[in-house]
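Text of entry.csv, listed as CSV, C-alpha atoms:
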```csv
chain,number,residue,atom,x,y,z
A,7,GLN,CA,0.0,0.0,0.0
A,8,LEU,CA,3.0,2.3,0.6
A,9,ASP,CA,3.9,2.1,-3.1
A,10,PHE,CA,0.3,2.9,-4.0
A,11,GLU,CA,0.3,6.1,-1.9
A,12,GLU,CA,3.7,7.1,-3.3
A,13,ALA,CA,2.6,6.5,-6.9
A,14,LYS,CA,-0.5,8.6,-6.3
A,15,GLN,CA,1.6,11.5,-5.1
A,16,LEU,CA,4.4,11.1,-7.8
A,17,ARG,CA,1.9,11.0,-10.7
A,18,GLN,CA,0.8,14.5,-9.8
A,19,GLU,CA,4.3,15.9,-9.3
A,20,THR,CA,6.2,14.6,-12.3
A,21,SER,CA,6.7,16.8,-15.3
A,22,CYS,CA,7.2,13.7,-17.6
A,23,VAL,CA,4.0,12.8,-19.3
A,24,VAL,CA,5.1,9.2,-19.9
A,25,GLU,CA,6.0,8.7,-16.2
A,26,SER,CA,2.7,10.3,-15.1
A,27,ALA,CA,0.8,8.0,-17.5
A,28,ALA,CA,2.6,4.9,-16.2
A,29,LEU,CA,2.0,5.9,-12.5
A,30,THR,CA,-1.6,6.6,-13.3
A,31,LEU,CA,-2.1,3.2,-14.8
A,32,LEU,CA,-0.5,1.6,-11.7
A,33,VAL,CA,-2.8,3.7,-9.4
A,34,ILE,CA,-5.9,2.8,-11.4
A,35,LYS,CA,-5.1,-0.9,-11.5
A,36,LEU,CA,-4.4,-1.0,-7.7
A,37,SER,CA,-7.4,1.0,-6.6
A,38,ARG,CA,-10.9,0.0,-5.8
A,39,ALA,CA,-13.0,0.2,-9.0
A,40,ALA,CA,-10.3,2.4,-10.6
A,41,ASP,CA,-11.2,5.3,-8.3
A,42,ARG,CA,-7.5,6.3,-8.0
A,43,THR,CA,-7.9,6.9,-4.2
A,44,THR,CA,-8.7,3.7,-2.4
A,45,TYR,CA,-6.1,0.9,-2.4
A,46,CYS,CA,-7.5,-2.6,-3.1
A,47,GLU,CA,-5.3,-5.6,-2.0
A,48,ALA,CA,-7.4,-8.0,-4.2
A,49,ASN,CA,-6.5,-5.9,-7.3
A,50,ALA,CA,-2.9,-6.0,-6.3
A,51,GLN,CA,-2.9,-9.8,-6.1
A,52,ASN,CA,-4.9,-10.3,-9.3
A,53,TRP,CA,-3.3,-7.7,-11.7
A,54,LEU,CA,0.3,-7.0,-10.9
A,55,SER,CA,2.5,-9.6,-12.4
A,56,TYR,CA,5.4,-9.7,-14.9
A,57,LYS,CA,3.2,-11.2,-17.5
A,58,SER,CA,0.5,-8.5,-17.2
A,59,LEU,CA,3.1,-5.7,-17.3
A,60,ASN,CA,5.1,-7.3,-20.2
A,61,LYS,CA,2.4,-6.8,-22.7
A,62,TYR,CA,2.8,-3.0,-22.5
A,63,ILE,CA,6.4,-3.3,-23.8
A,64,ASN,CA,4.8,-3.9,-27.2
A,65,MET,CA,3.1,-0.6,-27.1
A,66,TYR,CA,6.3,1.4,-27.1
A,67,LYS,CA,6.6,1.3,-30.9
A,68,TYR,CA,3.1,2.8,-31.2
A,69,MET,CA,3.4,5.3,-28.5
A,70,LYS,CA,6.9,6.7,-28.8
A,71,ASN,CA,5.8,9.8,-30.7
A,72,ALA,CA,2.5,10.2,-28.9
A,73,GLU,CA,1.2,13.5,-27.6
A,74,VAL,CA,-1.3,13.3,-24.7
A,75,THR,CA,-4.1,15.8,-24.3
A,76,CYS,CA,-6.6,15.7,-21.5
A,77,CYS,CA,-9.8,17.8,-21.9
A,78,GLU,CA,-13.5,17.6,-22.0
A,79,ALA,CA,-14.9,15.1,-24.5
A,80,GLU,CA,-16.7,17.6,-26.6
A,81,GLU,CA,-13.6,19.6,-27.2
A,82,LEU,CA,-11.5,16.5,-27.9
A,83,ILE,CA,-14.0,15.2,-30.4
A,84,HIS,CA,-14.4,18.7,-32.1
A,85,PHE,CA,-10.7,19.1,-32.7
A,86,PHE,CA,-9.6,15.6,-33.4
A,87,LYS,CA,-12.5,13.6,-34.8
A,88,ASP,CA,-11.5,14.0,-38.4
A,89,GLU,CA,-7.7,13.5,-37.8
A,90,SER,CA,-7.0,9.9,-39.0
A,91,ASN,CA,-3.6,9.9,-37.2
A,92,CYS,CA,-5.2,10.5,-33.8
A,93,LEU,CA,-6.5,8.2,-31.1
A,94,ILE,CA,-9.3,9.5,-28.9
A,95,TYR,CA,-9.9,7.6,-25.7
A,96,LEU,CA,-13.2,8.5,-24.0
A,97,ASP,CA,-14.1,7.5,-20.4
A,98,PRO,CA,-17.5,9.0,-19.7
A,99,PRO,CA,-19.5,8.4,-16.5
A,100,TYR,CA,-20.7,4.8,-16.5
A,101,TYR,CA,-24.1,4.2,-18.2
A,102,GLY,CA,-26.9,3.8,-15.6
A,103,THR,CA,-24.9,5.4,-12.8
A,104,ASN,CA,-25.5,8.8,-11.2
A,105,SER,CA,-22.5,9.0,-8.8
A,106,TYR,CA,-20.5,11.5,-10.9
A,107,GLU,CA,-20.5,15.2,-10.6
A,108,HIS,CA,-21.4,15.6,-14.3
A,109,SER,CA,-23.7,13.5,-16.4
A,110,VAL,CA,-23.4,12.7,-20.1
A,111,ASP,CA,-25.9,12.1,-22.9
A,112,HIS,CA,-24.6,8.7,-24.1
A,113,ALA,CA,-26.7,8.9,-27.3
A,114,GLU,CA,-25.2,12.4,-28.2
A,115,LEU,CA,-21.7,11.1,-27.5
A,116,ALA,CA,-22.2,8.0,-29.7
A,117,LYS,CA,-23.6,10.1,-32.5
A,118,ALA,CA,-20.6,12.5,-32.3
A,119,ILE,CA,-18.1,9.7,-32.7
A,120,VAL,CA,-19.8,7.1,-34.9
A,121,ASP,CA,-18.3,8.4,-38.2
A,122,ALA,CA,-15.0,9.6,-36.8
A,123,LYS,CA,-11.9,9.3,-38.9
A,124,ALA,CA,-9.8,9.3,-35.8
A,125,LYS,CA,-9.3,6.0,-34.0
A,126,VAL,CA,-11.7,6.1,-31.1
A,127,ILE,CA,-12.0,3.9,-27.9
A,128,ILE,CA,-14.8,4.5,-25.4
A,129,SER,CA,-15.1,2.6,-22.2
A,130,ASN,CA,-18.3,1.9,-20.2
A,131,PHE,CA,-20.6,-0.7,-18.7
A,132,ASP,CA,-22.7,-2.7,-21.2
A,133,ASN,CA,-24.7,0.0,-22.9
A,134,PRO,CA,-27.7,-0.5,-25.2
A,135,ILE,CA,-27.2,3.0,-26.7
A,136,TYR,CA,-23.6,2.1,-27.9
A,137,GLU,CA,-24.8,-1.2,-29.1
A,138,GLU,CA,-27.5,0.4,-31.2
A,139,LEU,CA,-25.5,3.4,-32.5
A,140,LEU,CA,-22.0,2.0,-32.8
A,141,GLU,CA,-21.9,-1.8,-33.2
A,142,GLY,CA,-23.9,-1.7,-36.4
A,143,GLN,CA,-21.4,0.8,-37.9
A,144,SER,CA,-18.2,-1.3,-38.1
A,145,TRP,CA,-17.4,-0.8,-34.4
A,146,PHE,CA,-15.9,-3.5,-32.2
A,147,LYS,CA,-16.9,-4.4,-28.7
A,148,TYR,CA,-14.4,-6.0,-26.2
A,149,SER,CA,-14.9,-7.1,-22.6
A,150,LEU,CA,-12.3,-5.9,-20.1
A,151,GLY,CA,-13.6,-8.2,-17.4
A,152,GLU,CA,-15.4,-7.4,-14.2
A,153,ILE,CA,-14.5,-4.5,-12.0
A,154,ASN,CA,-15.6,-3.4,-8.5
A,155,LYS,CA,-18.6,-1.1,-8.8
A,156,THR,CA,-17.9,2.0,-6.6
A,157,SER,CA,-21.4,3.3,-7.1
A,158,SER,CA,-22.9,0.3,-5.5
A,159,SER,CA,-23.8,0.4,-1.8
A,160,LYS,CA,-23.1,-3.3,-1.6
A,161,SER,CA,-19.4,-4.0,-1.0
A,162,GLY,CA,-17.8,-6.4,-3.5
A,163,SER,CA,-20.4,-5.7,-6.2
A,164,MET,CA,-18.9,-6.4,-9.6
A,165,GLN,CA,-19.9,-5.4,-13.1
A,166,GLU,CA,-18.4,-6.2,-16.5
A,167,GLU,CA,-16.7,-3.3,-18.2
A,168,PHE,CA,-16.4,-3.0,-22.0
A,169,ILE,CA,-14.7,-0.9,-24.6
A,170,TRP,CA,-16.0,-0.1,-28.1
A,171,SER,CA,-13.6,0.9,-30.8
A,172,ASN,CA,-13.8,1.8,-34.5
A,173,VAL,CA,-10.5,0.0,-35.0
A,174,GLU,CA,-9.7,-3.6,-34.2
A,175,ILE,CA,-7.5,-3.9,-31.1
A,176,PRO,CA,-4.7,-6.5,-31.2
A,177,GLU,CA,-5.3,-9.4,-28.8
A,178,PHE,CA,-2.0,-8.8,-27.0
A,179,LEU,CA,-3.3,-5.4,-25.8
A,180,LEU,CA,-6.5,-6.9,-24.3
A,181,PRO,CA,-6.6,-8.1,-20.6
A,182,ILE,CA,-5.2,-11.4,-19.8
A,183,PRO,CA,-7.9,-13.5,-18.1
A,184,ILE,CA,-7.2,-14.2,-14.5
A,185,GLN,CA,-6.9,-18.0,-13.7
A,186,ARG,CA,-9.0,-18.8,-10.6
```
What is this structure when it is put down as C-alpha cells?
Amino acid sequence: QLDFEEAKQLRQETSCVVESAALTLLVIKLSRAADRTTYCEANAQNWLSYKSLNKYINMYKYMKNAEVTCCEAEELIHFFKDESNCLIYLDPPYYGTNSYEHSVDHAELAKAIVDAKAKVIISNFDNPIYEELLEGQSWFKYSLGEINKTSSSKSGSMQEEFIWSNVEIPEFLLPIPIQR
C-alpha cells in the first residue's frame, strides 16, 4: 500500500507525461474500481505480475511519438474527430450510474463519434445505446472483465466493463484472463 500512496503523489508531481501515465495506470489498477484513491489488495494480487506488465512493452513502438491531451470530451471530439492519425480515448461516466459530478448524454456522445476518422476507444458498462448506434457501424466491442462497482452500496459488487472501438484492437493489448 505504501507504493500505491507514493505512486498517487508522484503521478501529480512529475513533469514527464510518460512517467505520469505509467504511474496513473498503476494507481488505477491497484485502486478499488479504478477510483485512484482507495487501495485494493485484491486488485494488487490479481493484476500486478510480470506477464501482465510485459504486454505493455509492445506498445512502445506505437506510443513513442504520442502527444497526450486531456480535456472535455466535446472539445477533444471537435478538434480531433477528423484526424486519422489520432487516437481518442473517452471514459465518460458509466451508463446507468449517477454517482458522478457531471452527467453525459450517451446517445449524443455516440452520434458525435460514430463516423470519426480518428481512432476512437470508449469505455463503459454494457450500454444498449452504444450497441445500437456503434456496433452496427463497423465498431468492435471488447470485454475488459469485471470491475468493482464503486457506485454500489453493496461492498464487492462487480460489473463487467467494455470498450467499443472503431479499429480492431490487437489481442496482445487486451486483458489477460485471471486464472482462478
List as a PDB file with C-alpha atoms, in the frame of the given file the protein and nucleic acid residues near Val126 (chain A), meaning an atom at most 7 Å away when only C-alpha atoms are counted, but skip any in the same chain fewer than 6 places from it.
```
ATOM      1  CA  LEU A  93      -6.500   8.200 -31.100  1.00  0.00           C
ATOM      2  CA  ILE A  94      -9.300   9.500 -28.900  1.00  0.00           C
ATOM      3  CA  TYR A  95      -9.900   7.600 -25.700  1.00  0.00           C
ATOM      4  CA  SER A 171     -13.600   0.900 -30.800  1.00  0.00           C
ATOM      5  CA  ASN A 172     -13.800   1.800 -34.500  1.00  0.00           C
TER       6      ASN A 172
END
```
Could the centre and edge lengths of an axis-aligned box, enclosing all atoms of region 10-13 of chain A in the file with 5 Å extra on each side, be given in Å to one decimal as AutoDock Vina command-line options?
```
--center_x 2.0 --center_y 5.0 --center_z -4.4 --size_x 13.4 --size_y 14.2 --size_z 15.0
```
Write out as a CSV table (one decimal) with C-alpha atoms, in the frame of the given file each polymer residue whose atoms come within 8 Å of Ile119 (chain A), counting only C-alpha atoms; drop sequence neighbours fewer than 4 positions from it.
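Output file selection_16.csv follows:
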```csv
chain,number,residue,atom,x,y,z
A,83,ILE,CA,-14.0,15.2,-30.4
A,87,LYS,CA,-12.5,13.6,-34.8
A,115,LEU,CA,-21.7,11.1,-27.5
A,126,VAL,CA,-11.7,6.1,-31.1
```
Identify which of the residues A:Glu89, A:Glu19, A:Glu137, A:Asp132 lies closest to Ser149 (chain A), counting only C-alpha atoms when measuring atom-to-atom distances.
A:Asp132
How far is it from CA of Phe10 (chain A) to CA of Met69 (chain A), in Å with one decimal?
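The value is 24.8 Å.
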How far is it from CA of Phe131 (chain A) to CA of Met164 (chain A), in Å with one decimal?
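It comes out at 10.9 Å.
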Counting only C-alpha atoms, figure out which residue out of A:Val173, A:Val23, A:Met65, A:Ile153 gets nearest to Leu36 (chain A).
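Among A:Val173, A:Val23, A:Met65, A:Ile153, it is A:Ile153 that comes nearest to Leu36 (chain A).
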Pick out the closest residue to Pro134 (chain A) from this set: A:Leu179, A:Ala27, A:Ala72, A:Ala113. Count only C-alpha atoms.
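With only C-alpha atoms as the atom set, the closest residue is A:Ala113.
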To one decimal place, how far is CA of Ala40 (chain A) from CA of Asp97 (chain A) in Å?
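Spanning CA of Ala40 (chain A) to CA of Asp97 (chain A) is a straight-line distance of 11.7 Å.
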